[in-house]
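**Student:** Structure incoming, see below.
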Amino acid sequence: MKFIMALMLLALSFSPALAVEPSEMLDDPVLEQRARDISQELRCVVCQNQSIDSSNADLARDMRVLVRDRLLEGDSNQQVLDYMVSRYGDFVLLNPPFKVATYALWIGPLLIIGCGLFIVVVFYRRRSSIVGADTPVALSDEESRRLETLMKDEN
Amino acid sequence: MNRLIYMLPLAIFLVIAGYFAKGLTLNPRDMPSMLIDQEVPTFDLKPLKGFQRGFSSADLKGQVSLVNIWGSWCFACLAEHPMLMKIAKQKLIPIYSIDWNEKNREDGPKWLVKHGNPYTLIGDDPKSRAAIAFGVTGAPESFIVDKRGFIRYKHVGVIDDENWKSTIWPLVQELRKQ
């Protein structure tokens, strides 16, 4: 158990490889941290499932630099994200926003779980409502004779 | 009725598998562009090395034009190139272009010398500023811009005889009438 815990801790300690190169980083640590936060929310549009913060693609690098330049020009985090969305759509956000077009995405799984629970509940209710389903019925003569012979064979 | 319930998981599986099968045939790069019916983003790109003029968004006003995003590193652009040469030779539509993400400033001009230059104006975009402004995810990508300077169509991938005749050229003629 301890061994497994140690393995899990070890696995946690490996954070994804950093793609940000030292030359890209901003001198101001506060701005740099904001840039990192924003970059982690933006999808690398040529890699499909990686943030620009962890992608080595050329376009991801150029987007990281653009994020930093915009911060230097005084944009808020939201303004930077809004700019990227205005160019690439919600697709560029790794965390899709909750809005009409994404209701199915966010509510769908809950609906499916709800349906499943409903079916399970109905199923068990019905089963227990069949009168006497759980009380054993006495064996018929024929059945008890067969049981007896079977038990004998066993011995 | 009870029997049918047991078929339900299979039915659900088939529906999901159907969607996945459809998904396999789709091009993940084919996303709706945010820029359709929007004004061309503002940009002002420097000329390529050895060229007199660069390319800025102001150049697109007053005519229907094609904006093509390419790079010397892009193989599909090479495949598309003869078609662009043909369009330029027949003077069907002015082709403006953004030379995107060249590693080396010589690469773009060299490529054009070797293969020919179908472009009216070319802007150098080494840091992807214009490419990101256009929401580009790869090359080649092309945009049809109307007389007012609004983007009306985005074409992802190679322009060939077929999509030119079936989609792009009819749209250009339509936009010229407006």
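How things are named: the first chain in the structure tokens is A, the next is B, and so on; residues count from 1 in each chain; ligands count from 1 in the order shown.
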Using only C-alpha atoms, which residues sit within 7 Å of region 129-135 of chain B once same-chain residues fewer than 3 positions away are excluded, as JSON, numbers by chain?
**Tutor:** {"A": [87, 88], "B": [41, 43, 100, 125]}
**Student:** Please dump the current selection as a compact mmCIF listing (two decimals), in the first residue's frame; keep N, CA and C atoms.
**Tutor:**
```txt
# COMPACT_ATOMS: atom_id res chain seq x y z
N ARG A 87 -10.89 35.08 -32.84
CA ARG A 87 -10.17 34.56 -34.01
C ARG A 87 -10.47 33.09 -34.27
N TYR A 88 -10.52 32.30 -33.21
CA TYR A 88 -10.61 30.84 -33.37
C TYR A 88 -11.92 30.25 -32.84
N PRO B 41 -9.18 41.56 -40.60
CA PRO B 41 -8.43 42.11 -39.47
C PRO B 41 -7.39 43.13 -39.97
N PHE B 43 -3.95 44.70 -40.43
CA PHE B 43 -2.55 44.27 -40.35
C PHE B 43 -1.73 45.07 -41.35
N TRP B 100 3.79 32.86 -44.37
CA TRP B 100 3.62 32.62 -42.94
C TRP B 100 4.75 31.76 -42.37
N ASP B 125 5.14 37.31 -42.61
CA ASP B 125 4.52 37.15 -41.29
C ASP B 125 5.28 36.11 -40.46
```
**Student:** Should the cut-off be 8 Å, what would the residue list for chain A against chain B look like, counting only C-alpha atoms, as a ChimeraX atom specification?
**Tutor:** /A:45-46,58-59,62-63,66,86-89
**Student:** If you run DSSP on this backbone, which residues of chain B come out as helix (DSSP H, G or I), and could you give them as a ChimeraX atom specification?
**Tutor:** /B:2-25,57-60,75-89,107-115,129-133,161-177
**Student:** Could you give me, as a list in words, the residues within 10 Å of Leu72 (chain A), counting only C-alpha atoms and dropping anything in the same chain fewer than 2 positions from it?
**Tutor:**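 Once the adjacent positions are removed, what remains is Leu26, Asp28, Leu31, Glu32, Ala35, Leu66, Val67, Arg68, Asp69, Arg70, Gly74, Asp75 and Ser76 of chain A.
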**Student:** Dump N, CA and C atoms for the selected residues as a tab-separated table (two decimals), in the first residue's frame?
**Tutor:**
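After the write, part29.tsv holds the following:
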```
chain	number	residue	atom	x	y	z
A	26	LEU	N	8.63	36.83	-19.66
A	26	LEU	CA	8.63	38.24	-19.33
A	26	LEU	C	9.46	38.48	-18.08
A	28	ASP	N	8.81	40.64	-15.71
A	28	ASP	CA	7.93	40.83	-14.56
A	28	ASP	C	7.30	39.49	-14.17
A	31	LEU	N	3.37	39.39	-14.34
A	31	LEU	CA	2.86	39.30	-15.72
A	31	LEU	C	3.12	37.92	-16.31
A	32	GLU	N	4.32	37.39	-16.04
A	32	GLU	CA	4.68	36.07	-16.58
A	32	GLU	C	3.72	35.01	-16.05
A	35	ALA	N	0.54	35.29	-17.83
A	35	ALA	CA	0.69	34.73	-19.18
A	35	ALA	C	0.60	33.21	-19.13
A	66	LEU	N	2.33	36.21	-28.45
A	66	LEU	CA	1.25	37.19	-28.63
A	66	LEU	C	0.55	37.47	-27.30
A	67	VAL	N	0.28	36.41	-26.53
A	67	VAL	CA	-0.35	36.59	-25.21
A	67	VAL	C	0.51	37.53	-24.36
A	68	ARG	N	1.81	37.30	-24.35
A	68	ARG	CA	2.70	38.14	-23.53
A	68	ARG	C	2.74	39.58	-24.03
A	69	ASP	N	2.79	39.75	-25.35
A	69	ASP	CA	2.81	41.11	-25.90
A	69	ASP	C	1.54	41.87	-25.54
A	70	ARG	N	0.42	41.15	-25.58
A	70	ARG	CA	-0.85	41.80	-25.25
A	70	ARG	C	-0.89	42.21	-23.78
A	74	GLY	N	-1.06	46.02	-21.77
A	74	GLY	CA	-2.03	46.40	-20.75
A	74	GLY	C	-3.37	45.68	-20.83
A	75	ASP	N	-3.48	44.64	-21.66
A	75	ASP	CA	-4.73	43.88	-21.72
A	75	ASP	C	-4.97	43.12	-20.41
A	76	SER	N	-6.25	42.95	-20.07
A	76	SER	CA	-6.58	42.07	-18.94
A	76	SER	C	-6.57	40.63	-19.44
```
**Student:** From a DSSP calculation on the backbone, collect every residue of chain B in strand (DSSP E or B) and output the set as a PyMOL selection string.
**Tutor:** chain B and resi 39+44-46+55-56+65-70+95-100+121-125+141-145+150-156
**Student:** Considering only C-alpha atoms, state which residue in the set B:Val156, B:Met83, B:Leu48, B:Leu14 is at the smallest distance from Arg105 (chain B).
**Tutor:** B:Leu48
**Student:** What lies within 9 Å of Glu106 (chain B) using only C-alpha atoms, ignoring chain neighbours under 4 positions off, as a list in words?
**Tutor:**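 Listing them by chain and then by number gives Leu48, Lys49, Glu102, Lys110 and Trp111 of chain B.
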**Student:** Considering only C-alpha atoms, can you say which of A:Gln78, A:Asp27, A:Leu7, A:Leu94 comes closest to Arg43 (chain A)?
**Tutor:** A:Leu94
**Student:** My list of candidates is A:Phe123, A:Tyr83, A:Gln33, A:Gln40. Which is closest to Asn2 (chain B) when distances are computed with only C-alpha atoms?
**Tutor:**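 Looking at the shortest contact to Asn2 (chain B), the residue is A:Phe123.
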**Student:** Go through B:Lys46, B:Pro9, B:Ala76, B:Arg152 one by one, measure the shortest atom-to-atom distance of each to Gly116 (chain A) using only C-alpha atoms, and give the residue with the smallest value.
**Tutor:** B:Pro9
**Student:** Determine, counting only C-alpha atoms, which protein, DNA and RNA residues have an atom within 7 Å of an atom of region 64-72 of chain B; residues of the same chain fewer than 3 positions away are not included. Present the result as a PyMOL selection string.
**Tutor:** chain B and resi 60+77+93-102+107-108+111+139-147+172+175-176
